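S.K.: Dropping in structure-v9.csv, which is CSV, C-alpha atoms:
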chain,number,residue,atom,x,y,z
A,40,MET,CA,79.7,-5.8,79.1
A,41,ARG,CA,79.8,-7.0,75.4
A,42,TYR,CA,76.6,-6.9,73.4
A,43,GLY,CA,77.9,-7.0,69.9
A,44,PHE,CA,80.9,-7.6,67.6
A,45,THR,CA,83.1,-5.1,65.6
A,46,GLU,CA,83.0,-5.0,61.9
A,47,GLU,CA,86.5,-6.6,61.8
A,48,GLN,CA,85.2,-9.5,64.0
A,49,GLN,CA,82.2,-10.0,61.7
A,50,ARG,CA,84.5,-10.1,58.6
A,51,PHE,CA,86.7,-12.6,60.4
A,52,ARG,CA,83.7,-14.8,61.3
A,53,ALA,CA,82.5,-14.7,57.7
A,54,GLY,CA,85.9,-15.9,56.5
A,55,VAL,CA,85.9,-18.8,59.0
A,56,ARG,CA,82.4,-19.8,58.0
A,57,GLN,CA,83.5,-19.9,54.3
A,58,ALA,CA,86.5,-22.0,55.0
A,59,LEU,CA,84.4,-24.5,57.0
A,60,ARG,CA,81.8,-24.8,54.1
A,61,SER,CA,84.4,-26.3,51.8
A,62,ALA,CA,83.6,-29.8,50.5
A,63,GLU,CA,86.9,-31.2,52.0
A,64,VAL,CA,86.0,-29.9,55.5
A,65,ARG,CA,82.4,-31.1,55.3
A,66,ALA,CA,83.5,-34.6,54.3
A,67,ALA,CA,86.0,-34.7,57.1
A,68,VAL,CA,83.4,-33.5,59.6
A,69,ALA,CA,81.0,-36.3,58.4
A,70,ASP,CA,83.8,-38.9,59.0
A,71,ALA,CA,84.5,-37.6,62.5
A,72,THR,CA,80.8,-37.5,63.6
A,73,PRO,CA,80.0,-40.2,66.2
A,74,ALA,CA,77.3,-42.7,65.0
A,75,ASP,CA,75.6,-45.6,66.8
A,76,GLY,CA,77.7,-45.1,70.0
A,77,VAL,CA,81.0,-45.5,68.1
A,78,GLU,CA,83.6,-42.8,68.9
A,79,PRO,CA,85.6,-42.1,65.7
A,80,ASP,CA,89.2,-41.0,65.4
A,81,MET,CA,88.9,-37.2,64.7
A,82,ARG,CA,92.6,-36.5,64.2
A,83,THR,CA,92.3,-36.4,60.4
A,84,LEU,CA,89.8,-33.6,60.7
A,85,TYR,CA,91.9,-31.7,63.1
A,86,ARG,CA,95.0,-32.0,60.9
A,87,LEU,CA,93.0,-30.5,58.1
A,88,LEU,CA,91.8,-27.6,60.4
A,89,GLY,CA,95.5,-27.2,61.4
A,90,LYS,CA,96.5,-26.8,57.8
A,91,LEU,CA,93.8,-24.2,57.4
A,92,GLY,CA,95.2,-22.3,60.4
A,93,LEU,CA,91.9,-22.6,62.3
A,94,LEU,CA,93.0,-24.3,65.5
A,95,ALA,CA,95.0,-21.6,67.4
A,96,VAL,CA,94.6,-18.3,65.5
A,97,HIS,CA,95.4,-16.3,68.7
A,98,TRP,CA,98.9,-17.9,69.3
A,99,PRO,CA,102.0,-16.1,68.1
A,100,ALA,CA,103.1,-17.0,64.6
A,101,GLU,CA,106.3,-18.5,66.0
A,102,PHE,CA,104.2,-21.1,67.8
A,103,GLY,CA,101.9,-21.9,64.8
A,104,GLY,CA,99.2,-19.2,65.3
A,105,ALA,CA,98.2,-16.1,63.4
A,106,ASP,CA,98.8,-13.4,66.0
A,107,ARG,CA,95.1,-12.7,66.3
A,108,PRO,CA,93.4,-11.7,69.6
A,109,LEU,CA,92.0,-14.3,71.9
A,110,THR,CA,88.5,-13.1,71.1
A,111,ASP,CA,89.0,-14.2,67.5
A,112,ALA,CA,89.9,-17.7,68.8
A,113,ALA,CA,86.5,-17.7,70.6
A,114,ILE,CA,84.8,-16.8,67.3
A,115,VAL,CA,86.6,-19.8,65.6
A,116,ALA,CA,85.4,-22.0,68.5
A,117,GLU,CA,81.8,-20.9,68.0
A,118,GLU,CA,81.9,-21.5,64.2
A,119,LEU,CA,83.6,-24.9,64.6
A,120,VAL,CA,80.8,-26.2,66.8
A,121,ARG,CA,78.1,-24.7,64.6
A,122,ALA,CA,79.7,-26.4,61.6
A,123,GLY,CA,79.4,-29.8,63.4
A,124,VAL,CA,83.0,-30.2,64.4
A,125,PRO,CA,83.2,-32.3,67.5
A,126,ASP,CA,84.9,-29.9,70.0
A,127,THR,CA,86.5,-32.0,72.8
A,128,LEU,CA,89.9,-32.3,71.1
A,129,HIS,CA,90.0,-28.6,70.4
A,130,VAL,CA,88.8,-27.6,73.9
A,131,ASN,CA,91.4,-29.8,75.7
A,132,THR,CA,94.3,-29.3,73.3
A,133,ILE,CA,94.0,-25.6,72.4
A,134,GLN,CA,91.7,-23.9,74.8
A,135,ILE,CA,93.0,-25.5,78.0
A,136,VAL,CA,96.4,-27.1,77.8
A,137,GLY,CA,97.7,-25.0,74.9
A,138,GLN,CA,96.4,-21.7,76.4
A,139,PHE,CA,97.8,-22.6,79.8
A,140,LEU,CA,101.2,-23.3,78.3
A,141,LEU,CA,101.1,-20.0,76.4
A,142,MET,CA,100.5,-18.2,79.7
A,143,ALA,CA,102.6,-20.2,82.2
A,144,GLY,CA,105.0,-22.4,80.2
A,145,SER,CA,108.7,-21.7,79.7
A,146,ALA,CA,110.0,-20.4,76.4
A,147,GLU,CA,111.5,-23.8,75.7
A,148,GLN,CA,108.2,-25.6,76.5
A,149,LYS,CA,106.3,-23.3,74.2
A,150,ARG,CA,108.8,-23.9,71.3
A,151,ARG,CA,108.7,-27.6,71.9
A,152,HIS,CA,105.0,-28.2,72.1
A,153,LEU,CA,102.8,-25.4,70.8
A,154,PRO,CA,103.5,-25.6,67.0
A,155,ALA,CA,102.6,-29.2,66.8
A,156,LEU,CA,99.4,-28.6,68.8
A,157,ALA,CA,98.5,-25.7,66.6
A,158,GLN,CA,99.0,-27.8,63.4
A,159,GLY,CA,96.9,-30.7,64.6
A,160,GLU,CA,99.9,-33.0,64.6
A,161,ARG,CA,99.7,-33.6,68.4
A,162,PHE,CA,97.0,-33.5,71.0
A,163,ALA,CA,96.7,-32.9,74.7
A,164,SER,CA,94.5,-33.8,77.6
A,165,VAL,CA,94.1,-32.8,81.3
A,166,LEU,CA,95.1,-35.3,84.1
A,167,TYR,CA,93.8,-33.8,87.3
A,168,THR,CA,90.9,-35.9,88.8
A,169,GLU,CA,91.7,-39.1,90.8
A,170,PRO,CA,89.5,-41.9,92.0
A,171,ASP,CA,89.4,-40.8,95.6
A,172,ALA,CA,89.8,-37.1,95.1
A,173,GLY,CA,86.7,-36.2,93.0
A,174,SER,CA,86.4,-32.4,92.7
A,175,ASP,CA,88.7,-31.8,95.7
A,176,LEU,CA,92.0,-31.6,93.8
A,177,GLY,CA,93.7,-30.9,97.1
A,178,ALA,CA,93.2,-34.5,97.9
A,179,LEU,CA,95.2,-35.8,94.9
A,180,ARG,CA,97.8,-38.5,95.7
A,181,THR,CA,99.7,-39.0,92.4
A,182,ALA,CA,103.4,-38.8,93.5
A,183,ALA,CA,106.3,-37.3,91.5
A,184,GLU,CA,109.5,-38.7,93.0
A,185,PRO,CA,112.9,-37.2,92.1
A,186,ASP,CA,114.9,-39.3,89.7
A,187,GLY,CA,118.2,-37.7,88.7
A,188,ASP,CA,117.5,-34.5,86.9
A,189,GLY,CA,113.8,-35.4,86.5
A,190,TYR,CA,111.0,-37.3,88.2
A,191,ARG,CA,109.0,-40.5,88.1
A,192,LEU,CA,105.2,-40.2,88.3
A,193,THR,CA,103.1,-42.9,90.0
A,194,GLY,CA,99.3,-42.7,90.4
A,195,THR,CA,95.9,-42.9,88.7
A,196,LYS,CA,93.9,-40.3,86.9
A,197,VAL,CA,90.3,-40.7,85.8
A,198,PHE,CA,87.5,-39.2,83.7
A,199,SER,CA,89.7,-37.6,81.0
A,200,LEU,CA,88.2,-37.5,77.5
A,201,LYS,CA,89.8,-38.5,74.1
A,202,THR,CA,92.8,-39.7,76.0
A,203,ARG,CA,93.5,-42.7,73.7
A,204,PHE,CA,93.9,-40.2,70.9
A,205,VAL,CA,96.3,-37.7,72.6
A,206,ASP,CA,100.0,-37.5,73.0
A,207,LEU,CA,100.5,-35.1,76.0
A,208,GLY,CA,98.9,-34.8,79.4
A,209,LEU,CA,98.9,-31.8,81.8
A,210,CYS,CA,99.3,-33.7,85.1
A,211,ALA,CA,99.1,-32.5,88.7
A,212,ALA,CA,101.2,-34.5,91.1
A,213,ARG,CA,102.7,-34.2,94.6
A,214,THR,CA,106.4,-33.4,94.7
A,215,THR,CA,106.5,-32.9,98.5
A,216,PRO,CA,104.1,-35.3,100.4
A,217,GLY,CA,103.0,-34.1,103.8
A,218,ALA,CA,103.6,-30.4,102.9
A,219,GLY,CA,99.9,-29.6,103.3
A,220,LYS,CA,96.7,-30.2,101.4
A,221,TYR,CA,97.4,-27.3,98.9
A,222,GLN,CA,101.2,-27.3,99.2
A,223,GLY,CA,103.8,-29.5,97.6
A,224,ILE,CA,101.8,-29.9,94.3
A,225,SER,CA,103.5,-29.4,90.9
A,226,LEU,CA,102.3,-29.5,87.3
A,227,PHE,CA,104.0,-31.6,84.6
A,228,LEU,CA,103.7,-32.3,80.9
A,229,VAL,CA,103.6,-36.1,80.5
A,230,ASP,CA,104.3,-38.0,77.3
A,231,LEU,CA,101.4,-40.4,77.2
A,232,THR,CA,103.3,-42.7,74.9
A,233,ALA,CA,106.1,-43.2,77.5
A,234,PRO,CA,106.7,-46.5,79.3
A,235,GLY,CA,104.6,-47.0,82.3
A,236,VAL,CA,101.5,-45.2,80.9
A,237,THR,CA,98.3,-47.4,80.6
A,238,VAL,CA,95.1,-45.9,79.2
A,239,SER,CA,91.9,-47.8,79.6
A,240,VAL,CA,88.2,-46.9,79.0
A,241,ILE,CA,85.8,-46.3,81.8
A,242,PRO,CA,82.3,-47.6,80.9
A,243,GLY,CA,79.7,-44.9,80.7
A,244,VAL,CA,76.4,-43.8,79.1
A,245,SER,CA,77.8,-40.9,77.1
A,246,ASP,CA,78.9,-41.2,73.5
A,247,GLU,CA,82.3,-39.8,74.5
A,248,GLN,CA,84.3,-42.3,76.4
A,249,PHE,CA,86.0,-41.4,79.7
A,250,HIS,CA,89.4,-42.9,80.3
A,251,ARG,CA,91.5,-44.0,83.2
A,252,VAL,CA,95.2,-43.3,83.0
A,253,ASP,CA,97.5,-45.4,85.2
A,254,LEU,CA,101.0,-44.0,85.7
A,255,ASP,CA,103.6,-46.5,86.9
A,256,ALA,CA,106.9,-44.8,87.6
A,257,VAL,CA,106.6,-42.8,84.3
A,258,PRO,CA,109.8,-40.9,83.6
A,259,VAL,CA,109.4,-37.1,83.3
A,260,SER,CA,112.3,-34.7,82.7
A,261,GLY,CA,113.0,-31.6,84.7
A,262,ASP,CA,112.2,-29.6,81.6
A,263,ASP,CA,108.6,-30.9,81.8
A,264,LEU,CA,108.0,-29.2,85.1
A,265,ILE,CA,105.7,-26.2,84.6
A,266,GLY,CA,106.7,-23.3,86.9
A,267,ALA,CA,108.5,-23.8,90.1
A,268,ARG,CA,108.5,-27.1,92.1
A,269,ASP,CA,105.8,-27.3,94.8
A,270,GLN,CA,104.1,-24.1,93.4
A,271,GLY,CA,101.5,-25.9,91.3
A,272,TRP,CA,98.4,-25.0,93.3
A,273,PRO,CA,98.2,-21.3,92.2
A,274,LEU,CA,98.9,-22.5,88.6
A,275,LEU,CA,96.3,-25.1,88.9
A,276,ASN,CA,93.7,-22.6,89.9
A,277,GLU,CA,94.7,-20.4,87.0
A,278,ALA,CA,94.5,-23.3,84.6
A,279,LEU,CA,90.9,-24.1,85.9
A,280,ALA,CA,89.9,-20.5,85.4
A,281,ILE,CA,91.0,-20.7,81.8
A,282,GLU,CA,89.0,-23.9,81.4
A,283,ARG,CA,85.8,-22.2,82.9
A,284,THR,CA,84.9,-19.6,80.2
A,285,GLY,CA,81.5,-21.3,79.8
A,286,LEU,CA,81.8,-20.9,76.0
A,287,ASP,CA,81.9,-24.7,75.2
A,288,TYR,CA,78.9,-25.4,77.5
A,289,PHE,CA,77.0,-22.4,75.9
A,290,LEU,CA,77.6,-23.9,72.5
A,291,LYS,CA,76.3,-27.3,73.5
A,292,ALA,CA,73.1,-25.7,74.9
A,293,GLU,CA,72.7,-23.7,71.8
A,294,ARG,CA,73.1,-26.7,69.5
A,295,TRP,CA,70.7,-28.8,71.6
A,296,LEU,CA,68.0,-26.1,71.7
A,297,ASP,CA,68.3,-25.8,67.9
A,298,ALA,CA,67.9,-29.6,67.5
A,299,ALA,CA,64.8,-29.4,69.7
A,300,LEU,CA,63.3,-26.7,67.5
A,301,GLU,CA,64.1,-28.8,64.4
A,302,ALA,CA,62.4,-31.8,66.0
A,303,LEU,CA,59.3,-29.6,66.8
A,304,ALA,CA,59.3,-28.2,63.2
A,305,ASP,CA,59.3,-31.8,61.8
A,306,ARG,CA,56.1,-32.7,63.7
A,307,ASP,CA,52.6,-32.6,62.3
A,308,PRO,CA,52.2,-28.8,61.5
A,309,GLU,CA,48.6,-29.0,62.8
A,310,SER,CA,49.7,-30.1,66.3
A,311,SER,CA,49.9,-27.5,69.0
A,312,HIS,CA,53.3,-26.4,70.4
A,313,ASP,CA,52.0,-23.9,72.8
A,314,ALA,CA,53.1,-26.0,75.8
A,315,HIS,CA,56.7,-25.6,74.7
A,316,LEU,CA,56.7,-21.8,74.1
A,317,GLU,CA,57.5,-20.8,77.6
A,318,HIS,CA,60.5,-23.2,77.8
A,319,ILE,CA,61.8,-22.0,74.4
A,320,GLY,CA,61.5,-18.4,75.4
A,321,ARG,CA,63.2,-18.8,78.7
A,322,PHE,CA,66.0,-20.9,77.3
A,323,ASP,CA,66.6,-18.4,74.5
A,324,GLY,CA,66.9,-15.6,77.0
A,325,ALA,CA,69.2,-17.6,79.2
A,326,LEU,CA,71.4,-18.4,76.2
A,327,ALA,CA,71.8,-14.7,75.4
A,328,ALA,CA,72.9,-14.1,79.0
A,329,ASP,CA,75.2,-17.1,78.8
A,330,HIS,CA,76.9,-15.7,75.7
A,331,VAL,CA,77.5,-12.4,77.5
A,332,LEU,CA,79.0,-14.1,80.6
A,333,ALA,CA,81.3,-16.2,78.5
A,334,TRP,CA,82.5,-13.3,76.5
A,335,GLU,CA,83.1,-11.3,79.7
A,336,VAL,CA,85.5,-14.0,80.8
A,337,LEU,CA,87.1,-14.2,77.4
A,338,THR,CA,87.7,-10.5,77.0
A,339,GLY,CA,89.3,-10.5,80.5
A,340,LEU,CA,91.6,-13.3,79.4
A,341,ALA,CA,92.4,-11.4,76.2
A,342,SER,CA,93.6,-8.5,78.3
A,343,GLY,CA,95.7,-10.8,80.6
A,344,ARG,CA,93.2,-10.8,83.4
A,345,VAL,CA,92.2,-14.1,85.0
A,346,ASP,CA,89.1,-13.7,87.1
A,347,PRO,CA,88.2,-16.9,88.9
A,348,VAL,CA,84.9,-15.6,90.2
A,349,ALA,CA,83.6,-14.5,86.8
A,350,ALA,CA,84.8,-17.8,85.4
A,351,ALA,CA,82.9,-19.7,88.1
A,352,VAL,CA,79.7,-17.7,87.3
A,353,ALA,CA,80.0,-18.4,83.6
A,354,LYS,CA,80.8,-22.1,84.2
A,355,TYR,CA,77.9,-22.6,86.6
A,356,HIS,CA,75.3,-20.8,84.5
A,357,SER,CA,76.3,-22.4,81.2
A,358,SER,CA,76.6,-26.0,82.5
A,359,GLU,CA,73.4,-25.8,84.5
A,360,LEU,CA,71.6,-24.4,81.4
A,361,ALA,CA,73.0,-27.0,79.1
A,362,ARG,CA,71.7,-29.7,81.4
A,363,ASP,CA,68.3,-28.2,81.7
A,364,VAL,CA,68.0,-27.8,77.9
A,365,ALA,CA,69.0,-31.4,77.4
A,366,GLU,CA,66.6,-32.8,80.0
A,367,TRP,CA,63.6,-30.8,78.6
A,368,ALA,CA,64.6,-31.5,74.9
A,369,ALA,CA,64.7,-35.2,75.5
A,370,GLY,CA,60.9,-35.3,75.5
A,371,VAL,CA,60.5,-33.2,72.3
A,372,PRO,CA,61.1,-35.8,69.5
A,373,ASP,CA,57.9,-37.9,69.1
A,374,PRO,CA,58.1,-41.8,68.9
A,375,GLY,CA,58.1,-41.6,65.1
A,376,GLN,CA,61.2,-39.4,65.0
A,377,ARG,CA,63.0,-41.6,67.5
A,378,ALA,CA,62.2,-44.7,65.5
A,379,ASP,CA,63.4,-43.1,62.3
A,380,ARG,CA,66.6,-41.9,64.1
A,381,ALA,CA,66.0,-38.5,62.7
A,382,PRO,CA,69.2,-36.3,63.0
A,383,ALA,CA,67.6,-34.0,65.7
A,384,ALA,CA,66.5,-37.0,67.7
A,385,VAL,CA,70.0,-38.6,67.6
A,386,ILE,CA,71.5,-35.3,68.8
A,387,LEU,CA,69.0,-35.0,71.7
A,388,ASP,CA,69.4,-38.6,72.7
A,389,SER,CA,73.2,-38.1,72.9
A,390,ALA,CA,72.7,-34.8,74.8
A,391,TYR,CA,70.5,-36.4,77.4
A,392,ARG,CA,73.3,-38.8,78.2
A,393,GLU,CA,76.1,-36.3,78.1
A,394,ALA,CA,74.5,-33.4,80.0
A,395,PRO,CA,74.7,-34.6,83.6
A,396,GLY,CA,78.5,-34.7,83.4
A,397,LEU,CA,78.7,-31.1,82.4
A,398,THR,CA,77.8,-29.9,85.9
A,399,LEU,CA,80.7,-32.1,87.2
A,400,SER,CA,83.5,-31.5,84.7
A,401,ALA,CA,85.9,-28.5,85.2
A,402,GLY,CA,84.5,-28.2,88.8
A,403,THR,CA,81.1,-29.2,90.1
A,404,SER,CA,78.3,-26.7,90.4
A,405,GLU,CA,78.6,-26.9,94.2
A,406,VAL,CA,82.3,-25.8,93.9
A,407,MET,CA,81.4,-22.9,91.6
A,408,LEU,CA,78.7,-21.8,94.1
A,409,GLN,CA,81.3,-22.0,96.9
A,410,ILE,CA,83.7,-19.7,94.9
A,411,MET,CA,81.0,-17.2,94.3
A,412,ALA,CA,79.8,-17.3,98.0
A,413,THR,CA,83.3,-16.8,99.3
A,414,ALA,CA,83.9,-13.8,97.0
A,415,PHE,CA,80.5,-12.3,98.1
A,416,ASP,CA,81.3,-12.8,101.7
A,417,SER,CA,84.7,-11.2,101.3
A,418,LEU,CA,83.1,-8.2,99.6
A,419,GLY,CA,80.6,-7.9,102.4
A,420,GLN,CA,83.4,-7.9,105.0
A,421,GLU,CA,85.3,-5.2,103.1
A,422,LYS,CA,82.2,-3.0,103.1
A,423,ARG,CA,81.7,-3.5,106.8
For the structure just supplied, provide its representation as structure tokens.

M.R.:
Amino acid sequence: MRYGFTEEQQRFRAGVRQALRSAEVRAAVADATPADGVEPDMRTLYRLLGKLGLLAVHWPAEFGGADRPLTDAAIVAEELVRAGVPDTLHVNTIQIVGQFLLMAGSAEQKRRHLPALAQGERFASVLYTEPDAGSDLGALRTAAEPDGDGYRLTGTKVFSLKTRFVDLGLCAARTTPGAGKYQGISLFLVDLTAPGVTVSVIPGVSDEQFHRVDLDAVPVSGDDLIGARDQGWPLLNEALAIERTGLDYFLKAERWLDAALEALADRDPESSHDAHLEHIGRFDGALAADHVLAWEVLTGLASGRVDPVAAAVAKYHSSELARDVAEWAAGVPDPGQRADRAPAAVILDSAYREAPGLTLSAGTSEVMLQIMATAFDSLGQEKR
């Protein structure tokens, strides 16, 4: 287990913090911060971060990175969130799609896509979930029909974030219908500016807008197939494990607890906060455990080990904790703070509306529990 950072990691973290404190970065962060329910275009901020080399430090230099370990990328992710950088574009583009391409993409796919992602010139999103599939990705119906040397994709994907700002989609589709629930599925890279792609907003209560992506015979070349045809299910599970480090949910919970403490500090100093002390203590302890769980998954990935069970534990614990923190913290700002739209109150209001979705995205809590239970049952059978 990891309980601390090396001196080199601490020096690296200090350098990242210094870069993020520059006036140029702070101004770009302010412009990219959502206000009054309006979701701003954050690409200018990310292009600046790309120029500073802060988006994909762990990628090889030939792909726009700095040849640093994956653990340093996690340090950057922590500091970006703590500096107020909205994280969804980074999570989707670099931590999920980019990292998956780095691990499973062909040499040509890496050369073609990774440098632009690392520089903040292009962005990516995940296209898995469908209207009638929910968390059961084995029920997906998007079809990829052969078309010459390539394919044409037809179907509907839902609940992707920032999709109107992205250029590339990592899409799961059926290449052999009728082959079986978990067979005949392939993964593709889809140009979201191609003819036949329609992106629309799904109304919701969160500040971040979900999107629906309709694919109508969208052309995809054979070079955009990731891995072998019909062998997408194992790759899909690997991609989901990469997505489930728990780090992004931990950082949300940490930010929301800090905002709650700020709101409490702004109250009448003579008022009693004893009623909140137990919650604060429990949440602080749970956050420390969360951090350890996330870093266990990250250090495994850094050594080339994908552990779906450890990822499920981290994802479950962190998303449930973030939801609990948001639900409790919603009652912390007093009416005066809410009326004045104090910064902490704004953050906590947004958190309350975002948090329920965290236990659904990247796999529901029920699915995470099923993964853990199956592993526990298998371990018990081995011992017997």

S.K.: Between atom CA of A:Phe249 and atom CA of A:Pro125, what distance in Å does the model show, to one decimal?

M.R.: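 Going from atom CA of A:Phe249 over to atom CA of A:Pro125 covers 15.5 Å.
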
S.K.: As a PyMOL selection string, please: the residues near A:Gly189 (cut-off 12 Å, only C-alpha atoms, same-chain neighbours under 2 positions excluded).

M.R.: chain A and resi 183-187+191-192+214+227-229+256-264+268

S.K.: Quick one: of A:Ala105, A:Leu176, A:Met81, A:Ala58, who's nearest to A:Thr127, counting all atoms listed in the file?

M.R.: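 That would be A:Met81, the residue with the smallest distance to A:Thr127.
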
S.K.: Between atom CA of A:Thr398 and atom CA of A:His356, what is the distance, to one decimal in Å?

M.R.: 9.5 Å

S.K.: Do you have the atom CA of A:Glu101-atom CA of A:Gln148 distance handy?

M.R.: 12.8 Å

S.K.: For each of A:Asp206, A:Ala381, A:Ile224, A:Leu91, take the minimum atom-to-atom distance to A:Glu63, counting all atoms listed in the file, then give the residue where this is smallest.

M.R.: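 Going through A:Asp206, A:Ala381, A:Ile224, A:Leu91 one by one, the smallest distance to A:Glu63 is for A:Leu91.
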
S.K.: Show which residues sit within 12 Å of A:Arg203, as a ChimeraX atom specification. Count all atoms listed in the file, and ignore same-chain residues fewer than 5 positions away.

M.R.: /A:78-82,128,162-164,208,231-232,236-241,247-252

S.K.: Hey, what's within 10 Å of A:Asn276 if we count all atoms listed in the file and toss same-chain stuff fewer than 4 positions away? As an mmCIF file with C-alpha atoms, keeping the file's coordinate frame, please?

M.R.:
data_model
loop_
_atom_site.group_PDB
_atom_site.id
_atom_site.type_symbol
_atom_site.label_atom_id
_atom_site.label_comp_id
_atom_site.auth_asym_id
_atom_site.auth_seq_id
_atom_site.Cartn_x
_atom_site.Cartn_y
_atom_site.Cartn_z
ATOM 1 C CA LEU A 176 92.000 -31.600 93.800
ATOM 2 C CA GLY A 271 101.500 -25.900 91.300
ATOM 3 C CA TRP A 272 98.400 -25.000 93.300
ATOM 4 C CA ALA A 280 89.900 -20.500 85.400
ATOM 5 C CA ILE A 281 91.000 -20.700 81.800
ATOM 6 C CA GLU A 282 89.000 -23.900 81.400
ATOM 7 C CA VAL A 345 92.200 -14.100 85.000
ATOM 8 C CA PRO A 347 88.200 -16.900 88.900
#

S.K.: When distances are computed from only C-alpha atoms, which of A:Gly194, A:Gly266, A:Gly285, A:Gly92 shows the smallest separation from A:Arg107?

M.R.: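 Between A:Gly194, A:Gly266, A:Gly285, A:Gly92, the residue approaching A:Arg107 most closely is A:Gly92.
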
S.K.: Residues at most 7 Å from A:Leu94, counting only C-alpha atoms, excluding those fewer than 4 positions away in the same chain, as a PDB file with C-alpha atoms, in the coordinates of the input?

M.R.:
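That gives us result10.pdb:
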ATOM      1  CA  LEU A  88      91.800 -27.600  60.400  1.00  0.00           C
ATOM      2  CA  GLY A  89      95.500 -27.200  61.400  1.00  0.00           C
ATOM      3  CA  ALA A 157      98.500 -25.700  66.600  1.00  0.00           C
TER       4      ALA A 157
END

S.K.: I want to know what sits within 7 Å of A:Ala368, based on only C-alpha atoms, with residues of the same chain fewer than 3 positions away left out; could you give that as a list in words?

M.R.: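 Neighbouring residues, sequence-local ones excluded: Ala299, Val364, Ala365, Val371 and Leu387 of chain A.
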
S.K.: Measuring atom to atom with all atoms listed in the file, identify which of A:Ala113, A:Ala178, A:Ala412, A:Ala278 is nearest to A:Gly217.

M.R.: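 Comparing A:Ala113, A:Ala178, A:Ala412, A:Ala278 against A:Gly217, the winner is A:Ala178.
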
S.K.: Rank A:Leu156, A:Ala349, A:Ala390, A:Glu169 by their smallest atom-to-atom distance to A:Ala414, using all atoms listed in the file, and report the top residue only.

M.R.: A:Ala349

S.K.: Between A:Thr195, A:Gly159, A:Leu340, A:Ser174, which one has atoms that come closest to A:Glu405, using only C-alpha atoms?

M.R.: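 Smallest separation from A:Glu405 among the options: A:Ser174.
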